[in-house]
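Below: work.tsv (TSV, C-alpha atoms and all ligand atoms)
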```
chain	number	residue	atom	x	y	z
A	1	MET	CA	-146.42	-38.47	-105.08
A	2	THR	CA	-146.78	-35.98	-102.22
A	3	THR	CA	-149.49	-33.33	-102.40
A	4	GLU	CA	-151.30	-31.03	-100.00
A	5	THR	CA	-153.99	-32.79	-97.94
A	6	THR	CA	-156.92	-30.59	-96.95
A	7	THR	CA	-160.68	-30.65	-96.90
A	8	THR	CA	-162.15	-30.26	-100.36
A	9	ALA	CA	-165.39	-28.68	-101.50
A	10	ALA	CA	-166.83	-32.13	-102.19
A	11	GLU	CA	-166.09	-33.35	-98.67
A	12	THR	CA	-168.14	-30.52	-97.21
A	13	ARG	CA	-171.15	-31.24	-99.43
A	14	THR	CA	-173.86	-33.76	-98.76
A	15	VAL	CA	-173.79	-37.10	-100.50
A	16	GLY	CA	-177.42	-36.64	-101.52
A	17	GLU	CA	-176.72	-33.50	-103.55
A	18	ALA	CA	-178.08	-33.66	-107.10
A	19	PRO	CA	-175.45	-34.74	-109.62
A	20	LEU	CA	-173.74	-32.12	-111.73
A	21	LEU	CA	-173.07	-34.66	-114.45
A	22	SER	CA	-175.04	-37.83	-115.00
A	23	VAL	CA	-173.90	-40.46	-117.49
A	24	GLN	CA	-176.18	-43.37	-118.35
A	25	ASP	CA	-175.35	-46.39	-120.51
A	26	LEU	CA	-172.90	-44.33	-122.54
A	27	GLY	CA	-171.52	-46.06	-125.60
A	28	MET	CA	-169.25	-45.40	-128.56
A	29	THR	CA	-169.07	-47.80	-131.46
A	30	PHE	CA	-166.56	-46.95	-134.18
A	31	PRO	CA	-166.96	-48.39	-137.68
A	32	GLY	CA	-164.71	-51.44	-138.06
A	33	PRO	CA	-162.85	-52.65	-141.15
A	34	ARG	CA	-164.97	-54.14	-143.94
A	35	GLY	CA	-165.45	-57.90	-143.58
A	36	VAL	CA	-165.61	-60.59	-146.26
A	37	LEU	CA	-169.28	-59.81	-146.78
A	38	SER	CA	-168.49	-56.08	-147.06
A	39	ARG	CA	-170.37	-55.37	-143.85
A	40	ARG	CA	-168.66	-53.25	-141.22
A	41	ALA	CA	-168.67	-54.82	-137.77
A	42	GLY	CA	-168.61	-52.00	-135.21
A	43	ILE	CA	-165.85	-51.73	-132.62
A	44	LYS	CA	-167.27	-50.94	-129.17
A	45	ALA	CA	-164.73	-48.58	-127.61
A	46	VAL	CA	-167.14	-47.67	-124.77
A	47	ASP	CA	-170.02	-49.88	-123.69
A	48	GLY	CA	-172.72	-49.16	-121.09
A	49	VAL	CA	-170.78	-46.69	-118.95
A	50	THR	CA	-172.84	-45.20	-116.11
A	51	PHE	CA	-171.76	-42.80	-113.34
A	52	ASP	CA	-172.55	-39.48	-111.67
A	53	VAL	CA	-170.29	-36.60	-110.69
A	54	ARG	CA	-171.46	-34.31	-107.90
A	55	PRO	CA	-170.62	-30.60	-107.70
A	56	GLY	CA	-167.09	-29.99	-106.46
A	57	GLU	CA	-165.97	-33.62	-106.41
A	58	THR	CA	-163.32	-35.52	-108.35
A	59	LEU	CA	-164.02	-38.82	-110.04
A	60	GLY	CA	-160.82	-40.61	-111.06
A	61	LEU	CA	-161.28	-42.62	-114.27
A	62	VAL	CA	-158.53	-45.20	-114.55
A	63	GLY	CA	-157.46	-48.03	-116.85
A	64	GLU	CA	-154.82	-49.24	-119.26
A	65	SER	CA	-154.23	-47.60	-122.61
A	66	GLY	CA	-157.10	-48.34	-125.02
A	67	CYS	CA	-159.71	-49.08	-122.32
A	68	GLY	CA	-162.00	-46.28	-123.52
A	69	LYS	CA	-161.37	-43.74	-120.76
A	70	SER	CA	-160.27	-40.90	-123.07
A	71	THR	CA	-163.12	-41.60	-125.49
A	72	THR	CA	-165.48	-41.42	-122.50
A	73	GLY	CA	-163.94	-38.10	-121.41
A	74	ARG	CA	-164.38	-36.59	-124.87
A	75	MET	CA	-168.03	-37.64	-124.97
A	76	LEU	CA	-168.68	-35.96	-121.60
A	77	VAL	CA	-167.81	-32.57	-123.08
A	78	ARG	CA	-169.28	-33.40	-126.50
A	79	LEU	CA	-165.96	-33.37	-128.37
A	80	LEU	CA	-167.25	-36.76	-129.56
A	81	ASP	CA	-170.90	-37.64	-130.10
A	82	PRO	CA	-171.89	-40.87	-128.31
A	83	THR	CA	-173.50	-43.64	-130.36
A	84	ALA	CA	-175.52	-44.82	-127.32
A	85	GLY	CA	-176.67	-43.64	-123.91
A	86	ARG	CA	-177.11	-40.24	-122.35
A	87	VAL	CA	-175.08	-37.40	-120.80
A	88	SER	CA	-176.98	-34.95	-118.60
A	89	PHE	CA	-175.52	-31.74	-117.20
A	90	ARG	CA	-177.45	-30.22	-114.29
A	91	GLY	CA	-180.41	-32.39	-115.29
A	92	ALA	CA	-180.48	-31.27	-118.94
A	93	ASP	CA	-179.84	-33.96	-121.55
A	94	ILE	CA	-176.96	-32.68	-123.72
A	95	THR	CA	-176.34	-35.89	-125.65
A	96	ARG	CA	-177.87	-34.75	-128.88
A	97	THR	CA	-178.07	-31.01	-128.36
A	98	GLY	CA	-176.97	-29.15	-131.52
A	99	GLN	CA	-173.67	-27.28	-131.36
A	100	ARG	CA	-175.47	-23.93	-131.52
A	101	GLU	CA	-177.72	-24.67	-128.53
A	102	LEU	CA	-174.74	-26.17	-126.75
A	103	ARG	CA	-172.69	-22.95	-126.99
A	104	PRO	CA	-174.09	-21.24	-123.85
A	105	LEU	CA	-173.45	-24.43	-121.87
A	106	ARG	CA	-169.91	-24.92	-123.21
A	107	SER	CA	-168.53	-22.43	-120.71
A	108	LYS	CA	-169.74	-24.72	-117.90
A	109	PHE	CA	-167.64	-27.73	-118.92
A	110	GLN	CA	-164.10	-27.62	-120.18
A	111	MET	CA	-161.25	-30.00	-120.94
A	112	ILE	CA	-157.54	-30.19	-120.10
A	113	PHE	CA	-155.41	-32.29	-122.44
A	114	GLN	CA	-152.48	-34.64	-121.96
A	115	ASP	CA	-149.97	-32.82	-124.16
A	116	PRO	CA	-150.07	-29.16	-123.13
A	117	PHE	CA	-147.94	-28.04	-126.09
A	118	ALA	CA	-150.14	-29.77	-128.68
A	119	SER	CA	-153.23	-28.12	-127.20
A	120	LEU	CA	-151.81	-24.55	-127.20
A	121	ASN	CA	-151.59	-22.51	-130.42
A	122	PRO	CA	-147.83	-21.92	-130.92
A	123	ARG	CA	-148.49	-18.64	-132.73
A	124	GLN	CA	-150.48	-17.08	-129.87
A	125	THR	CA	-149.15	-15.46	-126.71
A	126	VAL	CA	-150.32	-16.65	-123.30
A	127	GLN	CA	-152.53	-13.55	-123.11
A	128	GLN	CA	-154.25	-14.46	-126.39
A	129	ILE	CA	-154.62	-18.15	-125.47
A	130	ILE	CA	-156.28	-17.53	-122.11
A	131	ALA	CA	-158.36	-14.64	-123.44
A	132	ALA	CA	-159.86	-16.65	-126.33
A	133	PRO	CA	-162.72	-18.33	-124.39
A	134	LEU	CA	-163.60	-15.01	-122.71
A	135	ARG	CA	-163.65	-13.17	-126.04
A	136	ALA	CA	-165.86	-15.91	-127.47
A	137	GLN	CA	-168.32	-15.11	-124.67
A	138	GLY	CA	-168.33	-11.43	-125.63
A	139	VAL	CA	-166.56	-10.20	-122.48
A	140	ALA	CA	-165.37	-6.56	-122.84
A	141	PRO	CA	-161.62	-6.11	-123.63
A	142	ASP	CA	-160.78	-4.37	-120.31
A	143	ALA	CA	-162.50	-7.08	-118.31
A	144	VAL	CA	-160.72	-9.75	-120.39
A	145	ARG	CA	-157.31	-8.22	-119.58
A	146	ARG	CA	-158.13	-8.09	-115.85
A	147	GLU	CA	-159.48	-11.62	-115.84
A	148	VAL	CA	-156.45	-13.03	-117.70
A	149	ARG	CA	-154.06	-11.40	-115.19
A	150	ASP	CA	-156.06	-12.93	-112.33
A	151	LEU	CA	-156.01	-16.35	-113.99
A	152	VAL	CA	-152.24	-16.46	-114.54
A	153	GLY	CA	-151.78	-15.55	-110.87
A	154	LEU	CA	-154.26	-18.23	-109.86
A	155	VAL	CA	-152.25	-20.96	-111.62
A	156	GLY	CA	-148.90	-19.70	-110.31
A	157	LEU	CA	-147.55	-17.88	-113.37
A	158	ALA	CA	-146.29	-14.28	-113.41
A	159	PRO	CA	-147.66	-11.26	-115.32
A	160	GLU	CA	-144.47	-11.11	-117.43
A	161	HIS	CA	-145.38	-14.53	-118.86
A	162	LEU	CA	-148.39	-13.05	-120.63
A	163	GLU	CA	-146.50	-11.87	-123.71
A	164	ARG	CA	-144.52	-15.09	-124.18
A	165	TYR	CA	-145.28	-18.00	-126.54
A	166	PRO	CA	-145.85	-21.65	-125.54
A	167	HIS	CA	-142.40	-22.86	-126.71
A	168	GLN	CA	-140.79	-20.54	-124.12
A	169	PHE	CA	-142.23	-22.61	-121.25
A	170	SER	CA	-141.48	-25.96	-119.59
A	171	GLY	CA	-144.07	-28.77	-119.76
A	172	GLY	CA	-145.36	-28.01	-116.26
A	173	GLN	CA	-145.73	-24.30	-117.03
A	174	ALA	CA	-147.48	-25.09	-120.33
A	175	GLN	CA	-149.96	-27.28	-118.44
A	176	ARG	CA	-150.59	-24.35	-116.06
A	177	ILE	CA	-151.49	-22.26	-119.12
A	178	GLY	CA	-153.87	-25.02	-120.27
A	179	ILE	CA	-155.48	-25.06	-116.81
A	180	ALA	CA	-155.85	-21.25	-116.79
A	181	ARG	CA	-157.54	-21.40	-120.21
A	182	ALA	CA	-159.87	-24.18	-119.05
A	183	LEU	CA	-160.85	-22.15	-115.98
A	184	ALA	CA	-161.30	-18.84	-117.83
A	185	THR	CA	-165.07	-19.25	-118.15
A	186	ARG	CA	-165.38	-20.45	-114.51
A	187	PRO	CA	-166.61	-23.94	-115.48
A	188	GLU	CA	-168.42	-26.21	-113.04
A	189	LEU	CA	-166.80	-29.32	-114.54
A	190	VAL	CA	-163.34	-29.93	-116.01
A	191	VAL	CA	-162.49	-33.20	-117.73
A	192	ALA	CA	-158.73	-33.66	-117.38
A	193	ASP	CA	-157.42	-36.28	-119.82
A	194	GLU	CA	-154.09	-37.62	-118.49
A	195	PRO	CA	-153.09	-34.06	-117.50
A	196	VAL	CA	-149.83	-35.07	-115.81
A	197	SER	CA	-148.69	-38.23	-117.61
A	198	ALA	CA	-146.38	-36.28	-119.97
A	199	LEU	CA	-144.67	-34.51	-117.04
A	200	ASP	CA	-141.77	-35.42	-114.71
A	201	VAL	CA	-142.86	-37.02	-111.42
A	202	SER	CA	-141.92	-33.95	-109.31
A	203	ILE	CA	-143.90	-31.69	-111.66
A	204	GLN	CA	-146.85	-34.10	-111.62
A	205	ALA	CA	-147.21	-33.54	-107.86
A	206	GLN	CA	-147.19	-29.76	-108.36
A	207	ILE	CA	-149.91	-29.87	-111.02
A	208	VAL	CA	-152.09	-32.25	-108.99
A	209	GLY	CA	-151.59	-29.99	-105.95
A	210	LEU	CA	-152.55	-26.97	-108.06
A	211	MET	CA	-155.72	-28.68	-109.30
A	212	GLU	CA	-156.67	-29.61	-105.72
A	213	ARG	CA	-156.20	-26.02	-104.58
A	214	LEU	CA	-158.25	-24.67	-107.47
A	215	GLN	CA	-161.01	-27.11	-106.61
A	216	ARG	CA	-161.10	-25.84	-103.04
A	217	GLU	CA	-161.10	-22.21	-104.14
A	218	LEU	CA	-163.49	-22.45	-107.10
A	219	GLY	CA	-165.62	-25.51	-106.26
A	220	VAL	CA	-165.01	-27.01	-109.71
A	221	ALA	CA	-165.65	-30.74	-110.23
A	222	TYR	CA	-163.13	-32.91	-112.08
A	223	VAL	CA	-163.24	-36.11	-114.07
A	224	PHE	CA	-159.54	-36.94	-113.78
A	225	ILE	CA	-158.45	-39.53	-116.35
A	226	ALA	CA	-155.22	-41.46	-115.80
A	227	HIS	CA	-153.66	-44.86	-116.49
A	228	ASP	CA	-151.94	-44.84	-113.11
A	229	LEU	CA	-153.90	-45.46	-109.90
A	230	ALA	CA	-151.14	-43.74	-107.90
A	231	VAL	CA	-151.77	-40.45	-109.71
A	232	VAL	CA	-155.53	-40.31	-109.06
A	233	LYS	CA	-155.30	-41.48	-105.45
A	234	HIS	CA	-154.62	-38.07	-103.91
A	235	ILE	CA	-157.06	-36.02	-105.92
A	236	SER	CA	-160.06	-38.38	-106.26
A	237	HIS	CA	-163.06	-38.70	-103.98
A	238	ARG	CA	-164.37	-41.63	-105.99
A	239	VAL	CA	-162.66	-43.89	-108.50
A	240	ALA	CA	-163.98	-45.78	-111.55
A	241	VAL	CA	-161.81	-48.49	-113.10
A	242	MET	CA	-162.36	-49.27	-116.79
A	243	TYR	CA	-161.44	-52.39	-118.75
A	244	LEU	CA	-162.16	-52.87	-122.45
A	245	GLY	CA	-164.76	-50.12	-122.64
A	246	ARG	CA	-166.66	-50.93	-119.44
A	247	ILE	CA	-166.50	-49.88	-115.82
A	248	VAL	CA	-165.49	-52.92	-113.78
A	249	GLU	CA	-165.36	-51.24	-110.36
A	250	ILE	CA	-166.56	-47.90	-109.01
A	251	GLY	CA	-166.70	-46.59	-105.48
A	252	GLY	CA	-165.31	-44.29	-102.81
A	253	LYS	CA	-161.54	-43.88	-103.03
A	254	ASP	CA	-160.77	-45.25	-99.58
A	255	GLU	CA	-162.88	-48.36	-100.12
A	256	VAL	CA	-161.46	-49.13	-103.57
A	257	TYR	CA	-157.82	-48.57	-102.59
A	258	ALA	CA	-157.96	-50.33	-99.23
A	259	ASP	CA	-160.07	-53.27	-100.32
A	260	PRO	CA	-160.41	-53.69	-104.11
A	261	ALA	CA	-163.26	-56.01	-105.11
A	262	HIS	CA	-162.42	-56.66	-108.76
A	263	PRO	CA	-159.35	-58.79	-109.60
A	264	TYR	CA	-158.34	-56.25	-112.26
A	265	THR	CA	-158.37	-53.38	-109.74
A	266	LYS	CA	-156.40	-55.56	-107.36
A	267	ALA	CA	-153.78	-56.26	-110.03
A	268	LEU	CA	-153.47	-52.56	-110.93
A	269	LEU	CA	-153.10	-51.62	-107.27
A	270	SER	CA	-150.46	-54.28	-106.71
A	271	ALA	CA	-148.24	-52.38	-109.16
A	272	VAL	CA	-148.51	-49.08	-107.24
A	273	PRO	CA	-145.30	-48.53	-105.19
A	274	LEU	CA	-145.80	-48.26	-101.41
A	275	PRO	CA	-143.98	-45.49	-99.50
A	276	ASP	CA	-142.95	-47.88	-96.67
A	277	PRO	CA	-139.96	-49.98	-97.92
A	278	ALA	CA	-140.84	-52.93	-95.63
A	279	ALA	CA	-144.45	-53.00	-96.84
A	280	GLU	CA	-143.22	-52.66	-100.42
A	281	ARG	CA	-140.93	-55.71	-100.00
A	282	ALA	CA	-143.65	-57.77	-98.33
A	283	ARG	CA	-146.56	-57.14	-100.64
A	284	GLU	CA	-147.70	-59.54	-103.33
A	285	ARG	CA	-147.37	-58.29	-106.90
A	286	ILE	CA	-150.01	-59.61	-109.32
A	287	VAL	CA	-148.65	-59.81	-112.85
A	288	LEU	CA	-151.37	-60.01	-115.47
A	289	LEU	CA	-150.75	-62.32	-118.41
A	290	GLY	CA	-150.78	-60.84	-121.89
A	291	ASP	CA	-152.07	-57.53	-123.17
A	292	PRO	CA	-155.67	-56.29	-123.03
A	293	PRO	CA	-157.65	-57.88	-125.88
A	294	SER	CA	-158.73	-55.82	-128.86
A	295	PRO	CA	-162.18	-54.22	-128.58
A	296	ALA	CA	-162.64	-55.40	-132.19
A	297	ASN	CA	-162.69	-58.97	-130.91
A	298	PRO	CA	-163.63	-58.96	-127.21
A	299	PRO	CA	-163.62	-62.23	-125.21
A	300	SER	CA	-166.99	-63.77	-124.35
A	301	GLY	CA	-168.54	-63.49	-120.88
A	302	CYS	CA	-166.32	-61.44	-118.59
A	303	THR	CA	-163.91	-59.76	-121.00
A	304	PHE	CA	-161.19	-59.96	-118.35
A	305	HIS	CA	-161.38	-63.78	-118.06
A	306	PRO	CA	-158.37	-64.67	-120.30
A	307	ARG	CA	-156.09	-62.66	-117.92
A	308	CYS	CA	-157.88	-63.17	-114.61
A	309	PRO	CA	-156.11	-65.23	-111.93
A	310	LYS	CA	-159.52	-66.06	-110.35
A	311	ALA	CA	-161.42	-67.06	-113.51
A	312	GLN	CA	-163.90	-69.96	-113.28
A	313	PRO	CA	-165.78	-71.71	-116.15
A	314	VAL	CA	-168.81	-69.42	-115.74
A	315	CYS	CA	-166.61	-66.38	-116.37
A	316	SER	CA	-166.12	-67.23	-120.05
A	317	THR	CA	-169.85	-67.61	-120.73
A	318	GLU	CA	-171.70	-65.10	-118.55
A	319	ARG	CA	-171.04	-61.39	-118.50
A	320	PRO	CA	-170.99	-60.11	-114.91
A	321	LEU	CA	-173.05	-56.99	-114.27
A	322	LEU	CA	-171.90	-54.08	-112.16
A	323	ARG	CA	-173.51	-54.58	-108.74
A	324	LEU	CA	-173.05	-53.57	-105.13
A	325	THR	CA	-170.43	-55.68	-103.39
A	326	ALA	CA	-172.26	-55.47	-100.03
A	327	PRO	CA	-175.92	-54.59	-99.38
A	328	SER	CA	-174.91	-51.67	-97.15
A	329	GLY	CA	-172.09	-50.41	-99.35
A	330	THR	CA	-171.82	-47.95	-102.21
A	331	ARG	CA	-169.02	-49.65	-104.12
A	332	GLN	CA	-169.96	-51.67	-107.22
A	333	ALA	CA	-167.94	-54.32	-109.07
A	334	ALA	CA	-168.59	-56.37	-112.23
A	335	CYS	CA	-167.32	-59.78	-111.13
A	336	HIS	CA	-168.95	-63.16	-110.40
A	337	PHE	CA	-166.52	-63.64	-107.51
A	338	PRO	CA	-165.73	-60.24	-106.03
A	339	GLU	CA	-162.94	-60.13	-103.45
A	340	ALA	CA	-164.68	-58.05	-100.80
B	1	LIG	S1	-165.99	-62.53	-113.43
B	1	LIG	FE1	-164.47	-64.16	-113.32
B	1	LIG	S2	-162.95	-63.65	-114.87
B	1	LIG	FE2	-164.15	-61.81	-114.50
B	1	LIG	S3	-163.03	-60.71	-112.98
B	1	LIG	FE3	-164.50	-61.97	-111.86
B	1	LIG	S4	-163.43	-63.86	-111.39
B	1	LIG	FE4	-162.23	-62.79	-112.95
```
Serialized structure, structure tokens:
Amino acid sequence: MTTETTTTAAETRTVGEAPLLSVQDLGMTFPGPRGVLSRRAGIKAVDGVTFDVRPGETLGLVGESGCGKSTTGRMLVRLLDPTAGRVSFRGADITRTGQRELRPLRSKFQMIFQDPFASLNPRQTVQQIIAAPLRAQGVAPDAVRREVRDLVGLVGLAPEHLERYPHQFSGGQAQRIGIARALATRPELVVADEPVSALDVSIQAQIVGLMERLQRELGVAYVFIAHDLAVVKHISHRVAVMYLGRIVEIGGKDEVYADPAHPYTKALLSAVPLPDPAAERARERIVLLGDPPSPANPPSGCTFHPRCPKAQPVCSTERPLLRLTAPSGTRQAACHFPEA
């Protein structure tokens, strides 16, 4: 995918800046089916997830389907209530804040969804869809109209689109409407859950390019969720890789892509096509055996061990903790035998 490459807001900020979002030991356990003793064993969809997002930066959250990344995203904006851990926004713990107290903060964090059509009300015009969050904030009608016109321009749509309905747009245009709605309240954080995976590849690049431009212009931070490491490469400053509800590697984009420490990250990256045909022919492709296990019945020790080409006996008995791969580095991996 080819997108614009320019300096982002996050690259001009200091690394030591206080986090915008802080997530600590976040967990989600769903009730499981009743067992023979009529006791429900919980299914851990997300387990002990910890990361920060700084103002104006993009954290790419990547993993196969069912790894818990979307559940994590929904907990960040309180569309789901976590069963464990803590989410702090600008230092304030919002994990168990009631919906009423949360309302003033809601404008500061928004979400973009995978299927733009499913997330837009088919009976509302674009004007009504984008205006809704502003109206909810009590913005005066004249100011709402002005703001909505500005927003459609910002996302590359035309004023004549305002009176049309979602079904009159292509997938890429519908996602632009979803982005305009998410940005209406000028949020500081947007959680984008697979925002381009339902779109054609050429349109994916346009939407990612649009999100990068909006980040530069508005300073908004993203948690960009995707199953494809190629998609998050261009937009992310840091990347977190999830497997079976846990983060197995997290670090700066360049470090993770150039030199993955966790065998799972390495396998995912080996499936990303390289632009240079010679390099593409020469590189080693790591094919993982089997499907990810069910979170209802996770493997012991390192949950990746049944599929890991580097597994040793200790891997099936001892769970590896997320730790720095080098004393001087910032990248962490959960592996007894990290590559780097
Ligand atoms: S701990 Fe063992 S099984 Fe798990 S990723 Fe590392 S080498 Fe593979």
Q) Hey, which residues come within 12 Å of ligand LIG 1 (chain B) if we count only C-alpha atoms and all ligand atoms? Could you give them as a PyMOL selection string? A) chain A and resi 243+247-249+260-267+288+299-323+333-340
Export of the given selection (C-alpha atoms) as a PDB file, keeping the file's coordinate frame:
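Wrote it out as selection.pdb, contents follow:
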```pdb
ATOM      1  CA  TYR A 243    -161.440 -52.390-118.750  1.00  0.00           C
ATOM      2  CA  ILE A 247    -166.500 -49.880-115.820  1.00  0.00           C
ATOM      3  CA  VAL A 248    -165.490 -52.920-113.780  1.00  0.00           C
ATOM      4  CA  GLU A 249    -165.360 -51.240-110.360  1.00  0.00           C
ATOM      5  CA  PRO A 260    -160.410 -53.690-104.110  1.00  0.00           C
ATOM      6  CA  ALA A 261    -163.260 -56.010-105.110  1.00  0.00           C
ATOM      7  CA  HIS A 262    -162.420 -56.660-108.760  1.00  0.00           C
ATOM      8  CA  PRO A 263    -159.350 -58.790-109.600  1.00  0.00           C
ATOM      9  CA  TYR A 264    -158.340 -56.250-112.260  1.00  0.00           C
ATOM     10  CA  THR A 265    -158.370 -53.380-109.740  1.00  0.00           C
ATOM     11  CA  LYS A 266    -156.400 -55.560-107.360  1.00  0.00           C
ATOM     12  CA  ALA A 267    -153.780 -56.260-110.030  1.00  0.00           C
ATOM     13  CA  LEU A 288    -151.370 -60.010-115.470  1.00  0.00           C
ATOM     14  CA  PRO A 299    -163.620 -62.230-125.210  1.00  0.00           C
ATOM     15  CA  SER A 300    -166.990 -63.770-124.350  1.00  0.00           C
ATOM     16  CA  GLY A 301    -168.540 -63.490-120.880  1.00  0.00           C
ATOM     17  CA  CYS A 302    -166.320 -61.440-118.590  1.00  0.00           C
ATOM     18  CA  THR A 303    -163.910 -59.760-121.000  1.00  0.00           C
ATOM     19  CA  PHE A 304    -161.190 -59.960-118.350  1.00  0.00           C
ATOM     20  CA  HIS A 305    -161.380 -63.780-118.060  1.00  0.00           C
ATOM     21  CA  PRO A 306    -158.370 -64.670-120.300  1.00  0.00           C
ATOM     22  CA  ARG A 307    -156.090 -62.660-117.920  1.00  0.00           C
ATOM     23  CA  CYS A 308    -157.880 -63.170-114.610  1.00  0.00           C
ATOM     24  CA  PRO A 309    -156.110 -65.230-111.930  1.00  0.00           C
ATOM     25  CA  LYS A 310    -159.520 -66.060-110.350  1.00  0.00           C
ATOM     26  CA  ALA A 311    -161.420 -67.060-113.510  1.00  0.00           C
ATOM     27  CA  GLN A 312    -163.900 -69.960-113.280  1.00  0.00           C
ATOM     28  CA  PRO A 313    -165.780 -71.710-116.150  1.00  0.00           C
ATOM     29  CA  VAL A 314    -168.810 -69.420-115.740  1.00  0.00           C
ATOM     30  CA  CYS A 315    -166.610 -66.380-116.370  1.00  0.00           C
ATOM     31  CA  SER A 316    -166.120 -67.230-120.050  1.00  0.00           C
ATOM     32  CA  THR A 317    -169.850 -67.610-120.730  1.00  0.00           C
ATOM     33  CA  GLU A 318    -171.700 -65.100-118.550  1.00  0.00           C
ATOM     34  CA  ARG A 319    -171.040 -61.390-118.500  1.00  0.00           C
ATOM     35  CA  PRO A 320    -170.990 -60.110-114.910  1.00  0.00           C
ATOM     36  CA  LEU A 321    -173.050 -56.990-114.270  1.00  0.00           C
ATOM     37  CA  LEU A 322    -171.900 -54.080-112.160  1.00  0.00           C
ATOM     38  CA  ARG A 323    -173.510 -54.580-108.740  1.00  0.00           C
ATOM     39  CA  ALA A 333    -167.940 -54.320-109.070  1.00  0.00           C
ATOM     40  CA  ALA A 334    -168.590 -56.370-112.230  1.00  0.00           C
ATOM     41  CA  CYS A 335    -167.320 -59.780-111.130  1.00  0.00           C
ATOM     42  CA  HIS A 336    -168.950 -63.160-110.400  1.00  0.00           C
ATOM     43  CA  PHE A 337    -166.520 -63.640-107.510  1.00  0.00           C
ATOM     44  CA  PRO A 338    -165.730 -60.240-106.030  1.00  0.00           C
ATOM     45  CA  GLU A 339    -162.940 -60.130-103.450  1.00  0.00           C
ATOM     46  CA  ALA A 340    -164.680 -58.050-100.800  1.00  0.00           C
TER      47      ALA A 340
END
```
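Interatomic distance, atom CA of Val201 of chain A to atom CA of Val231 of chain A: 9.7 Å.
Picture a line from atom CA of Gly27 of chain A to atom CA of Asp81 of chain A; it runs 9.6 Å.
Taking atom CA of Pro19 of chain A and atom CA of Asp47 of chain A as endpoints, the distance between them is 21.4 Å.
The shortest atom-to-atom distance to Ala271 of chain A, with all atoms listed in the file taken into account, belongs to A:Ala230 out of A:Pro31, A:Ala230, A:Glu101, A:Val191.
Using all atoms listed in the file, the smallest distance between any of A:Ile179, A:Ala296, A:Leu79, A:Ala184 and Leu102 of chain A comes from A:Leu79.
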| query | Near Ile225 of chain A, counting all atoms listed in the file, which residues have an atom at most 9 Å away, once you skip same-chain residues fewer than 6 positions from it, shown as a VMD selection string? | reply | chain A and resid 59 to 63 69 to 70 73 191 to 195 232
Just to be explicit: take each residue in the selection above, keep C-alpha atoms, and write the result as a short mmCIF file (atom, residue, chain, number, x, y, z; two decimals), in the coordinates of the input.
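Below is the file that was written, part_22.cif:
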```cif
data_model
loop_
_atom_site.label_atom_id
_atom_site.label_comp_id
_atom_site.auth_asym_id
_atom_site.auth_seq_id
_atom_site.Cartn_x
_atom_site.Cartn_y
_atom_site.Cartn_z
CA LEU A 59 -164.02 -38.82 -110.04
CA GLY A 60 -160.82 -40.61 -111.06
CA LEU A 61 -161.28 -42.62 -114.27
CA VAL A 62 -158.53 -45.20 -114.55
CA GLY A 63 -157.46 -48.03 -116.85
CA LYS A 69 -161.37 -43.74 -120.76
CA SER A 70 -160.27 -40.90 -123.07
CA GLY A 73 -163.94 -38.10 -121.41
CA VAL A 191 -162.49 -33.20 -117.73
CA ALA A 192 -158.73 -33.66 -117.38
CA ASP A 193 -157.42 -36.28 -119.82
CA GLU A 194 -154.09 -37.62 -118.49
CA PRO A 195 -153.09 -34.06 -117.50
CA VAL A 232 -155.53 -40.31 -109.06
#
```
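Nearest-residue note for Glu217 of chain A: choosing from A:Leu154, A:Pro327, A:Thr50, A:Ala131, the minimum distance belongs to A:Leu154, counting only C-alpha atoms.
Take the candidates A:Ser270, A:Gln168, A:Gln204, A:Ser107 and check each one against Gln124 of chain A using only C-alpha atoms; the shortest distance goes to A:Gln168.
Candidate residues A:Thr83, A:Thr185, A:Ser328, A:Gln128 were compared for distance to Arg106 of chain A, and the nearest is A:Thr185, using all atoms listed in the file.
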For segment 233-236 of chain A, list every protein, DNA or RNA residue within 12 Å, evaluated using only C-alpha atoms, and leave out those in the same chain fewer than 3 positions away; present the list as number ranges by chain. A: 1-11, 53, 56-62, 192, 204-216, 221-230, 239-240, 250-258, 269, 272
Using only C-alpha atoms, the best pick from A:Ile129, A:Val196, A:Ala326, A:Val23 as closest to Gly91 of chain A would be A:Val23
Give the centre and edge lengths of an axis-aligned box, in Å to one decimal, that holds all listed atoms of segment 191-203 of chain A with 5 Å on each side, as JSON.
```
{"center_x": -152.1, "center_y": -35.0, "center_z": -114.6, "size_x": 30.7, "size_y": 16.5, "size_z": 20.7}
```
Contacts of Ala158 of chain A within 12 Å, all atoms listed in the file, excl. fewer than 2 positions in-chain, as a PyMOL selection string = chain A and resi 126-127+148-156+160-164+173+176-177
Hey, can you spit out that residue selection with C-alpha atoms as an mmCIF file, keeping the file's coordinate frame?
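Contents of result36.cif, as written:
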```cif
data_model
loop_
_atom_site.group_PDB
_atom_site.id
_atom_site.type_symbol
_atom_site.label_atom_id
_atom_site.label_comp_id
_atom_site.auth_asym_id
_atom_site.auth_seq_id
_atom_site.Cartn_x
_atom_site.Cartn_y
_atom_site.Cartn_z
ATOM 1 C CA VAL A 126 -150.320 -16.650 -123.300
ATOM 2 C CA GLN A 127 -152.530 -13.550 -123.110
ATOM 3 C CA VAL A 148 -156.450 -13.030 -117.700
ATOM 4 C CA ARG A 149 -154.060 -11.400 -115.190
ATOM 5 C CA ASP A 150 -156.060 -12.930 -112.330
ATOM 6 C CA LEU A 151 -156.010 -16.350 -113.990
ATOM 7 C CA VAL A 152 -152.240 -16.460 -114.540
ATOM 8 C CA GLY A 153 -151.780 -15.550 -110.870
ATOM 9 C CA LEU A 154 -154.260 -18.230 -109.860
ATOM 10 C CA VAL A 155 -152.250 -20.960 -111.620
ATOM 11 C CA GLY A 156 -148.900 -19.700 -110.310
ATOM 12 C CA GLU A 160 -144.470 -11.110 -117.430
ATOM 13 C CA HIS A 161 -145.380 -14.530 -118.860
ATOM 14 C CA LEU A 162 -148.390 -13.050 -120.630
ATOM 15 C CA GLU A 163 -146.500 -11.870 -123.710
ATOM 16 C CA ARG A 164 -144.520 -15.090 -124.180
ATOM 17 C CA GLN A 173 -145.730 -24.300 -117.030
ATOM 18 C CA ARG A 176 -150.590 -24.350 -116.060
ATOM 19 C CA ILE A 177 -151.490 -22.260 -119.120
#
```
